[in-house]
$ cat final.pdb   # PDB, C-alpha atoms
MODEL        1
ATOM      1  CA  MET X   1     -38.989 103.234 172.355  1.00  0.00           C
ATOM      2  CA  GLU X   2     -35.628 101.760 171.438  1.00  0.00           C
ATOM      3  CA  ARG X   3     -34.107 103.710 174.338  1.00  0.00           C
ATOM      4  CA  MET X   4     -36.598 102.175 176.756  1.00  0.00           C
ATOM      5  CA  ILE X   5     -35.538  98.651 175.809  1.00  0.00           C
ATOM      6  CA  GLN X   6     -31.857  99.565 176.027  1.00  0.00           C
ATOM      7  CA  ALA X   7     -32.416 101.044 179.470  1.00  0.00           C
ATOM      8  CA  ASN X   8     -34.149  97.900 180.722  1.00  0.00           C
ATOM      9  CA  PRO X   9     -33.088  94.933 178.581  1.00  0.00           C
ATOM     10  CA  ALA X  10     -33.675  92.534 181.471  1.00  0.00           C
ATOM     11  CA  GLY X  11     -37.361  93.480 181.553  1.00  0.00           C
ATOM     12  CA  PHE X  12     -37.650  92.944 177.804  1.00  0.00           C
ATOM     13  CA  ASN X  13     -35.955  89.536 178.011  1.00  0.00           C
ATOM     14  CA  GLN X  14     -37.945  88.501 181.084  1.00  0.00           C
ATOM     15  CA  ALA X  15     -41.198  89.391 179.360  1.00  0.00           C
ATOM     16  CA  ALA X  16     -40.160  87.403 176.286  1.00  0.00           C
ATOM     17  CA  MET X  17     -39.334  84.422 178.515  1.00  0.00           C
ATOM     18  CA  LYS X  18     -42.636  84.757 180.375  1.00  0.00           C
ATOM     19  CA  TYR X  19     -44.630  84.795 177.148  1.00  0.00           C
ATOM     20  CA  GLY X  20     -42.418  81.999 175.812  1.00  0.00           C
ATOM     21  CA  THR X  21     -43.440  79.944 178.829  1.00  0.00           C
ATOM     22  CA  TYR X  22     -47.089  80.509 177.928  1.00  0.00           C
ATOM     23  CA  LEU X  23     -46.386  79.418 174.359  1.00  0.00           C
ATOM     24  CA  GLY X  24     -44.414  76.430 175.661  1.00  0.00           C
ATOM     25  CA  VAL X  25     -47.366  75.319 177.777  1.00  0.00           C
ATOM     26  CA  SER X  26     -49.585  75.389 174.690  1.00  0.00           C
ATOM     27  CA  TRP X  27     -46.965  73.320 172.846  1.00  0.00           C
ATOM     28  CA  ALA X  28     -46.772  70.854 175.748  1.00  0.00           C
ATOM     29  CA  VAL X  29     -50.551  70.415 175.594  1.00  0.00           C
ATOM     30  CA  MET X  30     -50.288  70.017 171.815  1.00  0.00           C
ATOM     31  CA  TYR X  31     -47.641  67.290 172.077  1.00  0.00           C
ATOM     32  CA  ILE X  32     -49.463  65.406 174.819  1.00  0.00           C
ATOM     33  CA  ALA X  33     -52.631  65.546 172.716  1.00  0.00           C
ATOM     34  CA  LEU X  34     -50.609  64.316 169.728  1.00  0.00           C
ATOM     35  CA  PHE X  35     -49.084  61.419 171.662  1.00  0.00           C
ATOM     36  CA  ASN X  36     -52.490  60.343 172.936  1.00  0.00           C
ATOM     37  CA  GLY X  37     -54.296  61.240 169.710  1.00  0.00           C
ATOM     38  CA  VAL X  38     -53.057  58.190 167.834  1.00  0.00           C
ATOM     39  CA  THR X  39     -56.113  56.318 169.111  1.00  0.00           C
ATOM     40  CA  ASN X  40     -58.359  59.284 169.967  1.00  0.00           C
ATOM     41  CA  PRO X  41     -59.564  61.503 167.079  1.00  0.00           C
ATOM     42  CA  ILE X  42     -60.623  64.354 169.367  1.00  0.00           C
ATOM     43  CA  LEU X  43     -57.146  64.624 170.869  1.00  0.00           C
ATOM     44  CA  MET X  44     -55.588  64.398 167.417  1.00  0.00           C
ATOM     45  CA  MET X  45     -57.815  67.245 166.213  1.00  0.00           C
ATOM     46  CA  THR X  46     -56.843  69.260 169.305  1.00  0.00           C
ATOM     47  CA  ALA X  47     -53.166  68.714 168.492  1.00  0.00           C
ATOM     48  CA  ILE X  48     -53.676  69.779 164.876  1.00  0.00           C
ATOM     49  CA  VAL X  49     -55.581  72.923 165.875  1.00  0.00           C
ATOM     50  CA  LEU X  50     -52.898  73.891 168.420  1.00  0.00           C
ATOM     51  CA  PHE X  51     -50.184  73.236 165.846  1.00  0.00           C
ATOM     52  CA  PHE X  52     -51.735  75.595 163.309  1.00  0.00           C
ATOM     53  CA  ALA X  53     -52.704  78.146 165.978  1.00  0.00           C
ATOM     54  CA  SER X  54     -49.187  78.335 167.416  1.00  0.00           C
ATOM     55  CA  PRO X  55     -47.889  81.214 165.225  1.00  0.00           C
ATOM     56  CA  PHE X  56     -51.093  83.151 165.911  1.00  0.00           C
ATOM     57  CA  ILE X  57     -50.696  82.573 169.655  1.00  0.00           C
ATOM     58  CA  ALA X  58     -47.096  83.831 169.436  1.00  0.00           C
ATOM     59  CA  GLY X  59     -48.222  86.889 167.480  1.00  0.00           C
ATOM     60  CA  PHE X  60     -51.010  87.588 169.958  1.00  0.00           C
ATOM     61  CA  LEU X  61     -48.615  87.376 172.916  1.00  0.00           C
ATOM     62  CA  ALA X  62     -46.051  89.654 171.244  1.00  0.00           C
ATOM     63  CA  THR X  63     -48.781  92.139 170.309  1.00  0.00           C
ATOM     64  CA  ARG X  64     -50.034  92.062 173.891  1.00  0.00           C
ATOM     65  CA  TYR X  65     -46.528  92.906 175.128  1.00  0.00           C
ATOM     66  CA  ARG X  66     -46.162  95.667 172.521  1.00  0.00           C
ATOM     67  CA  ARG X  67     -49.432  97.267 173.588  1.00  0.00           C
ATOM     68  CA  SER X  68     -48.972  96.950 177.343  1.00  0.00           C
ATOM     69  CA  GLU X  69     -45.257  97.707 177.750  1.00  0.00           C
ATOM     70  CA  LEU X  70     -44.059  99.569 174.663  1.00  0.00           C
ATOM     71  CA  GLU X  71     -46.861 102.079 174.164  1.00  0.00           C
ATOM     72  CA  ASP X  72     -47.959 100.177 171.034  1.00  0.00           C
ATOM     73  CA  SER X  73     -44.675 100.771 169.214  1.00  0.00           C
ATOM     74  CA  MET X  74     -42.197  98.029 168.317  1.00  0.00           C
ATOM     75  CA  SER X  75     -39.599  97.955 165.563  1.00  0.00           C
ATOM     76  CA  PHE X  76     -39.143  94.963 163.317  1.00  0.00           C
ATOM     77  CA  LEU X  77     -35.840  93.997 164.971  1.00  0.00           C
ATOM     78  CA  GLN X  78     -37.330  94.310 168.463  1.00  0.00           C
ATOM     79  CA  ALA X  79     -40.203  92.082 167.401  1.00  0.00           C
ATOM     80  CA  VAL X  80     -37.838  89.491 165.907  1.00  0.00           C
ATOM     81  CA  LYS X  81     -35.715  89.463 169.064  1.00  0.00           C
ATOM     82  CA  PHE X  82     -38.762  89.214 171.327  1.00  0.00           C
ATOM     83  CA  LEU X  83     -40.282  86.390 169.268  1.00  0.00           C
ATOM     84  CA  PHE X  84     -36.961  84.535 168.993  1.00  0.00           C
ATOM     85  CA  ILE X  85     -36.481  84.538 172.774  1.00  0.00           C
ATOM     86  CA  MET X  86     -40.116  83.549 173.173  1.00  0.00           C
ATOM     87  CA  TYR X  87     -39.762  80.634 170.739  1.00  0.00           C
ATOM     88  CA  ILE X  88     -36.515  79.387 172.323  1.00  0.00           C
ATOM     89  CA  CYS X  89     -38.138  79.336 175.773  1.00  0.00           C
ATOM     90  CA  ALA X  90     -41.171  77.519 174.360  1.00  0.00           C
ATOM     91  CA  THR X  91     -38.862  75.038 172.617  1.00  0.00           C
ATOM     92  CA  LEU X  92     -36.955  74.248 175.804  1.00  0.00           C
ATOM     93  CA  LEU X  93     -40.126  73.838 177.852  1.00  0.00           C
ATOM     94  CA  SER X  94     -41.776  71.599 175.271  1.00  0.00           C
ATOM     95  CA  ALA X  95     -38.607  69.497 174.891  1.00  0.00           C
ATOM     96  CA  ALA X  96     -38.498  68.919 178.641  1.00  0.00           C
ATOM     97  CA  THR X  97     -42.189  68.039 178.639  1.00  0.00           C
ATOM     98  CA  ASN X  98     -41.761  65.657 175.706  1.00  0.00           C
ATOM     99  CA  TYR X  99     -38.816  63.929 177.352  1.00  0.00           C
ATOM    100  CA  ILE X 100     -40.583  63.483 180.678  1.00  0.00           C
ATOM    101  CA  TYR X 101     -43.836  62.371 179.075  1.00  0.00           C
ATOM    102  CA  LEU X 102     -42.353  59.944 176.548  1.00  0.00           C
ATOM    103  CA  ASN X 103     -39.764  58.413 178.876  1.00  0.00           C
ATOM    104  CA  TYR X 104     -41.546  58.303 182.220  1.00  0.00           C
ATOM    105  CA  ILE X 105     -45.309  58.529 181.665  1.00  0.00           C
ATOM    106  CA  ASP X 106     -45.962  57.032 178.226  1.00  0.00           C
ATOM    107  CA  ASN X 107     -43.528  54.078 178.530  1.00  0.00           C
ATOM    108  CA  GLY X 108     -43.474  53.430 174.770  1.00  0.00           C
ATOM    109  CA  TYR X 109     -47.260  53.392 174.258  1.00  0.00           C
ATOM    110  CA  PHE X 110     -47.107  56.059 171.541  1.00  0.00           C
ATOM    111  CA  LEU X 111     -44.527  54.183 169.476  1.00  0.00           C
ATOM    112  CA  SER X 112     -46.273  50.843 169.955  1.00  0.00           C
ATOM    113  CA  GLN X 113     -49.593  52.320 168.791  1.00  0.00           C
ATOM    114  CA  ILE X 114     -47.965  53.770 165.675  1.00  0.00           C
ATOM    115  CA  ASP X 115     -46.371  50.390 164.938  1.00  0.00           C
ATOM    116  CA  ARG X 116     -49.701  48.597 165.474  1.00  0.00           C
ATOM    117  CA  ILE X 117     -51.603  50.992 163.192  1.00  0.00           C
ATOM    118  CA  MET X 118     -48.996  50.751 160.445  1.00  0.00           C
ATOM    119  CA  SER X 119     -48.966  46.954 160.686  1.00  0.00           C
ATOM    120  CA  GLU X 120     -52.750  46.950 160.232  1.00  0.00           C
ATOM    121  CA  MET X 121     -52.475  49.296 157.252  1.00  0.00           C
ATOM    122  CA  VAL X 122     -49.944  47.006 155.565  1.00  0.00           C
ATOM    123  CA  LYS X 123     -52.380  44.077 155.883  1.00  0.00           C
ATOM    124  CA  ILE X 124     -55.204  45.884 154.051  1.00  0.00           C
ATOM    125  CA  GLU X 125     -55.864  44.144 150.778  1.00  0.00           C
ATOM    126  CA  GLY X 126     -55.906  46.103 147.561  1.00  0.00           C
ATOM    127  CA  ASN X 127     -53.087  48.436 148.566  1.00  0.00           C
ATOM    128  CA  ASN X 128     -51.227  50.004 145.704  1.00  0.00           C
ATOM    129  CA  PRO X 129     -47.720  48.444 145.535  1.00  0.00           C
ATOM    130  CA  ILE X 130     -46.090  51.869 145.609  1.00  0.00           C
ATOM    131  CA  ALA X 131     -48.165  52.939 148.619  1.00  0.00           C
ATOM    132  CA  LEU X 132     -47.368  49.628 150.317  1.00  0.00           C
ATOM    133  CA  GLU X 133     -43.656  50.174 149.721  1.00  0.00           C
ATOM    134  CA  GLN X 134     -43.873  53.696 151.174  1.00  0.00           C
ATOM    135  CA  LEU X 135     -45.839  52.422 154.153  1.00  0.00           C
ATOM    136  CA  ASN X 136     -43.237  49.723 154.836  1.00  0.00           C
ATOM    137  CA  ALA X 137     -40.462  52.312 154.570  1.00  0.00           C
ATOM    138  CA  THR X 138     -42.295  54.594 157.013  1.00  0.00           C
ATOM    139  CA  LYS X 139     -42.878  51.679 159.387  1.00  0.00           C
ATOM    140  CA  GLU X 140     -39.175  50.817 159.237  1.00  0.00           C
ATOM    141  CA  LEU X 141     -38.261  54.462 159.916  1.00  0.00           C
ATOM    142  CA  PHE X 142     -40.546  54.611 162.962  1.00  0.00           C
ATOM    143  CA  SER X 143     -39.162  51.313 164.275  1.00  0.00           C
ATOM    144  CA  LYS X 144     -35.687  52.895 164.447  1.00  0.00           C
ATOM    145  CA  PHE X 145     -36.875  55.677 166.748  1.00  0.00           C
ATOM    146  CA  SER X 146     -36.720  55.486 170.494  1.00  0.00           C
ATOM    147  CA  THR X 147     -38.608  57.787 172.834  1.00  0.00           C
ATOM    148  CA  SER X 148     -35.439  59.876 173.220  1.00  0.00           C
ATOM    149  CA  GLY X 149     -35.094  59.960 169.441  1.00  0.00           C
ATOM    150  CA  PHE X 150     -38.566  61.420 169.148  1.00  0.00           C
ATOM    151  CA  THR X 151     -37.707  64.054 171.738  1.00  0.00           C
ATOM    152  CA  TRP X 152     -34.622  65.077 169.755  1.00  0.00           C
ATOM    153  CA  GLU X 153     -36.580  65.072 166.497  1.00  0.00           C
ATOM    154  CA  PHE X 154     -39.254  67.372 167.941  1.00  0.00           C
ATOM    155  CA  LEU X 155     -36.559  69.576 169.491  1.00  0.00           C
ATOM    156  CA  SER X 156     -34.742  70.004 166.174  1.00  0.00           C
ATOM    157  CA  ASN X 157     -38.012  70.828 164.398  1.00  0.00           C
ATOM    158  CA  ASN X 158     -38.865  73.393 167.070  1.00  0.00           C
ATOM    159  CA  ILE X 159     -35.426  74.996 166.784  1.00  0.00           C
ATOM    160  CA  PHE X 160     -35.918  75.256 163.020  1.00  0.00           C
ATOM    161  CA  CYS X 161     -39.286  76.958 163.636  1.00  0.00           C
ATOM    162  CA  SER X 162     -37.629  79.249 166.208  1.00  0.00           C
ATOM    163  CA  ILE X 163     -35.332  80.504 163.486  1.00  0.00           C
ATOM    164  CA  MET X 164     -37.806  80.690 160.597  1.00  0.00           C
ATOM    165  CA  LEU X 165     -41.033  81.983 162.170  1.00  0.00           C
ATOM    166  CA  PRO X 166     -39.990  85.072 164.216  1.00  0.00           C
ATOM    167  CA  PRO X 167     -39.126  87.243 161.195  1.00  0.00           C
ATOM    168  CA  ILE X 168     -42.387  86.282 159.489  1.00  0.00           C
ATOM    169  CA  ILE X 169     -44.523  86.944 162.562  1.00  0.00           C
ATOM    170  CA  ALA X 170     -42.562  90.131 163.374  1.00  0.00           C
ATOM    171  CA  PHE X 171     -43.554  91.562 160.018  1.00  0.00           C
ATOM    172  CA  PHE X 172     -47.196  91.464 161.154  1.00  0.00           C
ATOM    173  CA  ILE X 173     -46.759  92.700 164.729  1.00  0.00           C
ATOM    174  CA  LYS X 174     -44.261  95.552 164.268  1.00  0.00           C
ATOM    175  CA  ARG X 175     -45.702  99.003 164.583  1.00  0.00           C
ATOM    176  CA  LYS X 176     -44.168 102.440 164.467  1.00  0.00           C
ATOM    177  CA  LYS X 177     -45.415 105.124 166.809  1.00  0.00           C
ATOM    178  CA  LEU X 178     -47.449 107.692 164.943  1.00  0.00           C
TER     179      LEU X 178
ENDMDL
END

$ encode --input "final.pdb" --output "structure tokens"
Amino acid sequence: MERMIQANPAGFNQAAMKYGTYLGVSWAVMYIALFNGVTNPILMMTAIVLFFASPFIAGFLATRYRRSELEDSMSFLQAVKFLFIMYICATLLSAATNYIYLNYIDNGYFLSQIDRIMSEMVKIEGNNPIALEQLNATKELFSKFSTSGFTWEFLSNNIFCSIMLPPIIAFFIKRKKL
């Protein structure tokens, strides 16, 4: 199978990018649900479910490629490479979506809702002084962010995941031909 990928590396990379686009769309939906989930519990739950399902979605897509294109045989290194390309494409698509949504559609609503909720939490009587101090520190941290800052923060987290998750997921999807 290794020879097949070497003979057609463009097909391998294109498939990884195609499946990365699918993963990126699920991330875009997750982030939009997260941004709107501050005031809507159903959207917040949707974002949480998509967040935790993301590695399983990536594994499913890589397994689907392995079965359909590689005769159900993929080495560990092939799986890591496929998943890495997939994750990078998903990261770029979700970063573009986050930037467009936060800067042109949301117009600061997400950040203002977080600030409003934290201000209400600070006013609750009976708060533990340590918890109140942590809440004020978190509120101050969020006040320093701009919509572009959030986009960069999510992008850096996604890049970190793009480096850390492919080897872990590849361990579960690799398969030698019998």

$ resolve_selection --input "final.pdb" --expression "the PyMOL selection byres ((chain X and resi 76) around 7)" --output "JSON, numbers by chain"
{"X": [74, 75, 77, 78, 79, 80, 170, 171, 174]}

$ closest_residue --input "final.pdb" --among "X:Asn13, X:Ser143, X:Asn158, X:Ser26" --to "Ser112 in chain X" --atoms "all atoms listed in the file"
X:Ser143

$ closest_residue --input "final.pdb" --among "X:Ile173, X:Leu111, X:Cys161, X:Met121" --to "Val38 in chain X" --atoms "all atoms listed in the file"
X:Leu111

$ residues_around --input "final.pdb" --residues "Met164 in chain X" --least-positions-apart "2" --cutoff "12 Å" --atoms "only C-alpha atoms" --output "list of chain:residue names"
X:Pro55, X:Val80, X:Leu83, X:Phe84, X:Tyr87, X:Ile88, X:Asn157, X:Asn158, X:Ile159, X:Phe160, X:Cys161, X:Ser162, X:Pro166, X:Pro167, X:Ile168, X:Ile169, X:Ala170

$ closest_residue --input "final.pdb" --among "X:Leu50, X:Ile114, X:Thr21, X:Ser68" --to "Lys139 in chain X" --atoms "all atoms listed in the file"
X:Ile114

$ residues_around --input "final.pdb" --residues "Ile42 in chain X" --least-positions-apart "5" --cutoff "9 Å" --atoms "all atoms listed in the file" --output "list in words"
Ala33, Gly37 and Ala47 of chain X

$ closest_residue --input "final.pdb" --among "X:Leu155, X:Ile124, X:Ala137, X:Ala15" --to "Arg64 in chain X" --atoms "only C-alpha atoms"
X:Ala15

$ atom_distance --input "final.pdb" --atom1 "CA of Glu133 in chain X" --atom2 "CA of Gln113 in chain X"
20.1 Å

$ atom_distance --input "final.pdb" --atom1 "CA of Ser148 in chain X" --atom2 "CA of Lys123 in chain X"
28.9 Å

$ atom_distance --input "final.pdb" --atom1 "CA of Leu23 in chain X" --atom2 "CA of Phe52 in chain X"
12.9 Å

$ resolve_selection --input "final.pdb" --expression "the PyMOL selection byres ((chain X and resi 102-108) around 12)" --output "PDB file with C-alpha atoms, keeping the file's coordinate frame"
ATOM      1  CA  ALA X  28     -46.772  70.854 175.748  1.00  0.00           C
ATOM      2  CA  TYR X  31     -47.641  67.290 172.077  1.00  0.00           C
ATOM      3  CA  ILE X  32     -49.463  65.406 174.819  1.00  0.00           C
ATOM      4  CA  LEU X  34     -50.609  64.316 169.728  1.00  0.00           C
ATOM      5  CA  PHE X  35     -49.084  61.419 171.662  1.00  0.00           C
ATOM      6  CA  ASN X  36     -52.490  60.343 172.936  1.00  0.00           C
ATOM      7  CA  SER X  94     -41.776  71.599 175.271  1.00  0.00           C
ATOM      8  CA  ALA X  95     -38.607  69.497 174.891  1.00  0.00           C
ATOM      9  CA  ALA X  96     -38.498  68.919 178.641  1.00  0.00           C
ATOM     10  CA  THR X  97     -42.189  68.039 178.639  1.00  0.00           C
ATOM     11  CA  ASN X  98     -41.761  65.657 175.706  1.00  0.00           C
ATOM     12  CA  TYR X  99     -38.816  63.929 177.352  1.00  0.00           C
ATOM     13  CA  ILE X 100     -40.583  63.483 180.678  1.00  0.00           C
ATOM     14  CA  TYR X 101     -43.836  62.371 179.075  1.00  0.00           C
ATOM     15  CA  TYR X 109     -47.260  53.392 174.258  1.00  0.00           C
ATOM     16  CA  PHE X 110     -47.107  56.059 171.541  1.00  0.00           C
ATOM     17  CA  LEU X 111     -44.527  54.183 169.476  1.00  0.00           C
ATOM     18  CA  SER X 112     -46.273  50.843 169.955  1.00  0.00           C
ATOM     19  CA  GLN X 113     -49.593  52.320 168.791  1.00  0.00           C
ATOM     20  CA  ILE X 114     -47.965  53.770 165.675  1.00  0.00           C
ATOM     21  CA  ASP X 115     -46.371  50.390 164.938  1.00  0.00           C
ATOM     22  CA  SER X 143     -39.162  51.313 164.275  1.00  0.00           C
ATOM     23  CA  PHE X 145     -36.875  55.677 166.748  1.00  0.00           C
ATOM     24  CA  SER X 146     -36.720  55.486 170.494  1.00  0.00           C
ATOM     25  CA  THR X 147     -38.608  57.787 172.834  1.00  0.00           C
ATOM     26  CA  SER X 148     -35.439  59.876 173.220  1.00  0.00           C
ATOM     27  CA  GLY X 149     -35.094  59.960 169.441  1.00  0.00           C
ATOM     28  CA  PHE X 150     -38.566  61.420 169.148  1.00  0.00           C
ATOM     29  CA  THR X 151     -37.707  64.054 171.738  1.00  0.00           C
ATOM     30  CA  TRP X 152     -34.622  65.077 169.755  1.00  0.00           C
ATOM     31  CA  PHE X 154     -39.254  67.372 167.941  1.00  0.00           C
TER      32      PHE X 154
END

$ resolve_selection --input "final.pdb" --expression "the PyMOL selection byres ((chain X and resi 61) around 10)" --output "JSON, numbers by chain"
{"X": [16, 18, 19, 20, 22, 23, 55, 56, 57, 58, 59, 60, 62, 63, 64, 65, 66, 67, 83, 86, 173]}

$ decode --input "final.pdb" --residues "range 59-154 of chain X" --atoms "C-alpha atoms" --output "PDB file, in the first residue's frame"
ATOM      1  CA  GLY X  59     -11.081   8.938  13.173  1.00  0.00           C
ATOM      2  CA  PHE X  60     -14.253   7.975  11.326  1.00  0.00           C
ATOM      3  CA  LEU X  61     -13.253  10.020   8.269  1.00  0.00           C
ATOM      4  CA  ALA X  62      -9.726   8.567   8.217  1.00  0.00           C
ATOM      5  CA  THR X  63     -11.108   5.042   8.622  1.00  0.00           C
ATOM      6  CA  ARG X  64     -13.536   5.701   5.780  1.00  0.00           C
ATOM      7  CA  TYR X  65     -10.630   6.753   3.550  1.00  0.00           C
ATOM      8  CA  ARG X  66      -8.580   3.718   4.616  1.00  0.00           C
ATOM      9  CA  ARG X  67     -11.415   1.353   3.747  1.00  0.00           C
ATOM     10  CA  SER X  68     -12.452   2.958   0.467  1.00  0.00           C
ATOM     11  CA  GLU X  69      -9.085   3.914  -1.043  1.00  0.00           C
ATOM     12  CA  LEU X  70      -6.377   1.842   0.633  1.00  0.00           C
ATOM     13  CA  GLU X  71      -7.974  -1.600   0.659  1.00  0.00           C
ATOM     14  CA  ASP X  72      -8.358  -1.353   4.455  1.00  0.00           C
ATOM     15  CA  SER X  73      -4.616  -1.107   5.073  1.00  0.00           C
ATOM     16  CA  MET X  74      -2.869   1.980   6.445  1.00  0.00           C
ATOM     17  CA  SER X  75       0.413   2.242   8.317  1.00  0.00           C
ATOM     18  CA  PHE X  76       0.780   4.323  11.437  1.00  0.00           C
ATOM     19  CA  LEU X  77       2.842   6.985   9.637  1.00  0.00           C
ATOM     20  CA  GLN X  78       0.347   7.185   6.766  1.00  0.00           C
ATOM     21  CA  ALA X  79      -2.454   7.636   9.276  1.00  0.00           C
ATOM     22  CA  VAL X  80      -0.550  10.365  11.137  1.00  0.00           C
ATOM     23  CA  LYS X  81       0.188  12.203   7.889  1.00  0.00           C
ATOM     24  CA  PHE X  82      -3.406  11.890   6.685  1.00  0.00           C
ATOM     25  CA  LEU X  83      -4.814  13.092  10.016  1.00  0.00           C
ATOM     26  CA  PHE X  84      -2.291  15.940  10.281  1.00  0.00           C
ATOM     27  CA  ILE X  85      -3.229  17.285   6.841  1.00  0.00           C
ATOM     28  CA  MET X  86      -6.883  16.807   7.720  1.00  0.00           C
ATOM     29  CA  TYR X  87      -6.517  18.723  10.997  1.00  0.00           C
ATOM     30  CA  ILE X  88      -4.559  21.584   9.388  1.00  0.00           C
ATOM     31  CA  CYS X  89      -7.261  22.033   6.735  1.00  0.00           C
ATOM     32  CA  ALA X  90      -9.960  21.957   9.419  1.00  0.00           C
ATOM     33  CA  THR X  91      -7.984  24.492  11.466  1.00  0.00           C
ATOM     34  CA  LEU X  92      -7.664  26.912   8.558  1.00  0.00           C
ATOM     35  CA  LEU X  93     -11.337  26.622   7.638  1.00  0.00           C
ATOM     36  CA  SER X  94     -12.506  27.108  11.215  1.00  0.00           C
ATOM     37  CA  ALA X  95     -10.150  30.076  11.710  1.00  0.00           C
ATOM     38  CA  ALA X  96     -11.572  31.765   8.621  1.00  0.00           C
ATOM     39  CA  THR X  97     -15.100  31.047   9.821  1.00  0.00           C
ATOM     40  CA  ASN X  98     -14.337  32.381  13.299  1.00  0.00           C
ATOM     41  CA  TYR X  99     -12.805  35.555  11.904  1.00  0.00           C
ATOM     42  CA  ILE X 100     -15.703  36.250   9.557  1.00  0.00           C
ATOM     43  CA  TYR X 101     -18.328  35.419  12.165  1.00  0.00           C
ATOM     44  CA  LEU X 102     -16.788  37.337  15.066  1.00  0.00           C
ATOM     45  CA  ASN X 103     -15.763  40.407  13.069  1.00  0.00           C
ATOM     46  CA  TYR X 104     -18.585  40.811  10.570  1.00  0.00           C
ATOM     47  CA  ILE X 105     -21.663  38.940  11.812  1.00  0.00           C
ATOM     48  CA  ASP X 106     -21.426  38.921  15.612  1.00  0.00           C
ATOM     49  CA  ASN X 107     -20.213  42.541  16.024  1.00  0.00           C
ATOM     50  CA  GLY X 108     -18.990  41.974  19.595  1.00  0.00           C
ATOM     51  CA  TYR X 109     -22.179  40.335  20.915  1.00  0.00           C
ATOM     52  CA  PHE X 110     -20.306  37.261  22.164  1.00  0.00           C
ATOM     53  CA  LEU X 111     -17.801  39.284  24.184  1.00  0.00           C
ATOM     54  CA  SER X 112     -20.472  41.618  25.544  1.00  0.00           C
ATOM     55  CA  GLN X 113     -22.582  38.657  26.703  1.00  0.00           C
ATOM     56  CA  ILE X 114     -19.599  37.104  28.479  1.00  0.00           C
ATOM     57  CA  ASP X 115     -18.876  40.437  30.174  1.00  0.00           C
ATOM     58  CA  ARG X 116     -22.536  40.817  31.198  1.00  0.00           C
ATOM     59  CA  ILE X 117     -22.723  37.290  32.641  1.00  0.00           C
ATOM     60  CA  MET X 118     -19.483  37.702  34.574  1.00  0.00           C
ATOM     61  CA  SER X 119     -20.621  41.068  35.934  1.00  0.00           C
ATOM     62  CA  GLU X 120     -23.820  39.419  37.188  1.00  0.00           C
ATOM     63  CA  MET X 121     -21.833  36.591  38.777  1.00  0.00           C
ATOM     64  CA  VAL X 122     -19.626  39.068  40.645  1.00  0.00           C
ATOM     65  CA  LYS X 123     -22.736  40.720  42.131  1.00  0.00           C
ATOM     66  CA  ILE X 124     -24.070  37.469  43.630  1.00  0.00           C
ATOM     67  CA  GLU X 125     -23.969  37.709  47.386  1.00  0.00           C
ATOM     68  CA  GLY X 126     -22.288  35.016  49.415  1.00  0.00           C
ATOM     69  CA  ASN X 127     -19.485  34.436  46.925  1.00  0.00           C
ATOM     70  CA  ASN X 128     -16.354  32.952  48.375  1.00  0.00           C
ATOM     71  CA  PRO X 129     -13.621  35.651  48.383  1.00  0.00           C
ATOM     72  CA  ILE X 130     -11.228  33.367  46.526  1.00  0.00           C
ATOM     73  CA  ALA X 131     -13.854  32.532  43.897  1.00  0.00           C
ATOM     74  CA  LEU X 132     -14.699  36.230  43.598  1.00  0.00           C
ATOM     75  CA  GLU X 133     -11.031  37.061  43.060  1.00  0.00           C
ATOM     76  CA  GLN X 134     -10.749  34.375  40.363  1.00  0.00           C
ATOM     77  CA  LEU X 135     -13.933  35.600  38.712  1.00  0.00           C
ATOM     78  CA  ASN X 136     -12.633  39.182  38.646  1.00  0.00           C
ATOM     79  CA  ALA X 137      -9.338  37.974  37.179  1.00  0.00           C
ATOM     80  CA  THR X 138     -11.201  36.015  34.491  1.00  0.00           C
ATOM     81  CA  LYS X 139     -13.403  39.026  33.742  1.00  0.00           C
ATOM     82  CA  GLU X 140     -10.305  41.206  33.399  1.00  0.00           C
ATOM     83  CA  LEU X 141      -8.703  38.631  31.078  1.00  0.00           C
ATOM     84  CA  PHE X 142     -11.791  38.517  28.847  1.00  0.00           C
ATOM     85  CA  SER X 143     -11.971  42.322  28.750  1.00  0.00           C
ATOM     86  CA  LYS X 144      -8.497  42.399  27.158  1.00  0.00           C
ATOM     87  CA  PHE X 145      -9.594  40.222  24.241  1.00  0.00           C
ATOM     88  CA  SER X 146     -10.863  41.594  20.986  1.00  0.00           C
ATOM     89  CA  THR X 147     -12.732  39.565  18.393  1.00  0.00           C
ATOM     90  CA  SER X 148      -9.464  39.146  16.470  1.00  0.00           C
ATOM     91  CA  GLY X 149      -7.769  38.057  19.686  1.00  0.00           C
ATOM     92  CA  PHE X 150     -10.333  35.317  20.120  1.00  0.00           C
ATOM     93  CA  THR X 151      -9.757  34.177  16.549  1.00  0.00           C
ATOM     94  CA  TRP X 152      -6.011  33.921  17.175  1.00  0.00           C
ATOM     95  CA  GLU X 153      -6.575  32.147  20.489  1.00  0.00           C
ATOM     96  CA  PHE X 154      -8.819  29.530  18.863  1.00  0.00           C
TER      97      PHE X 154
END
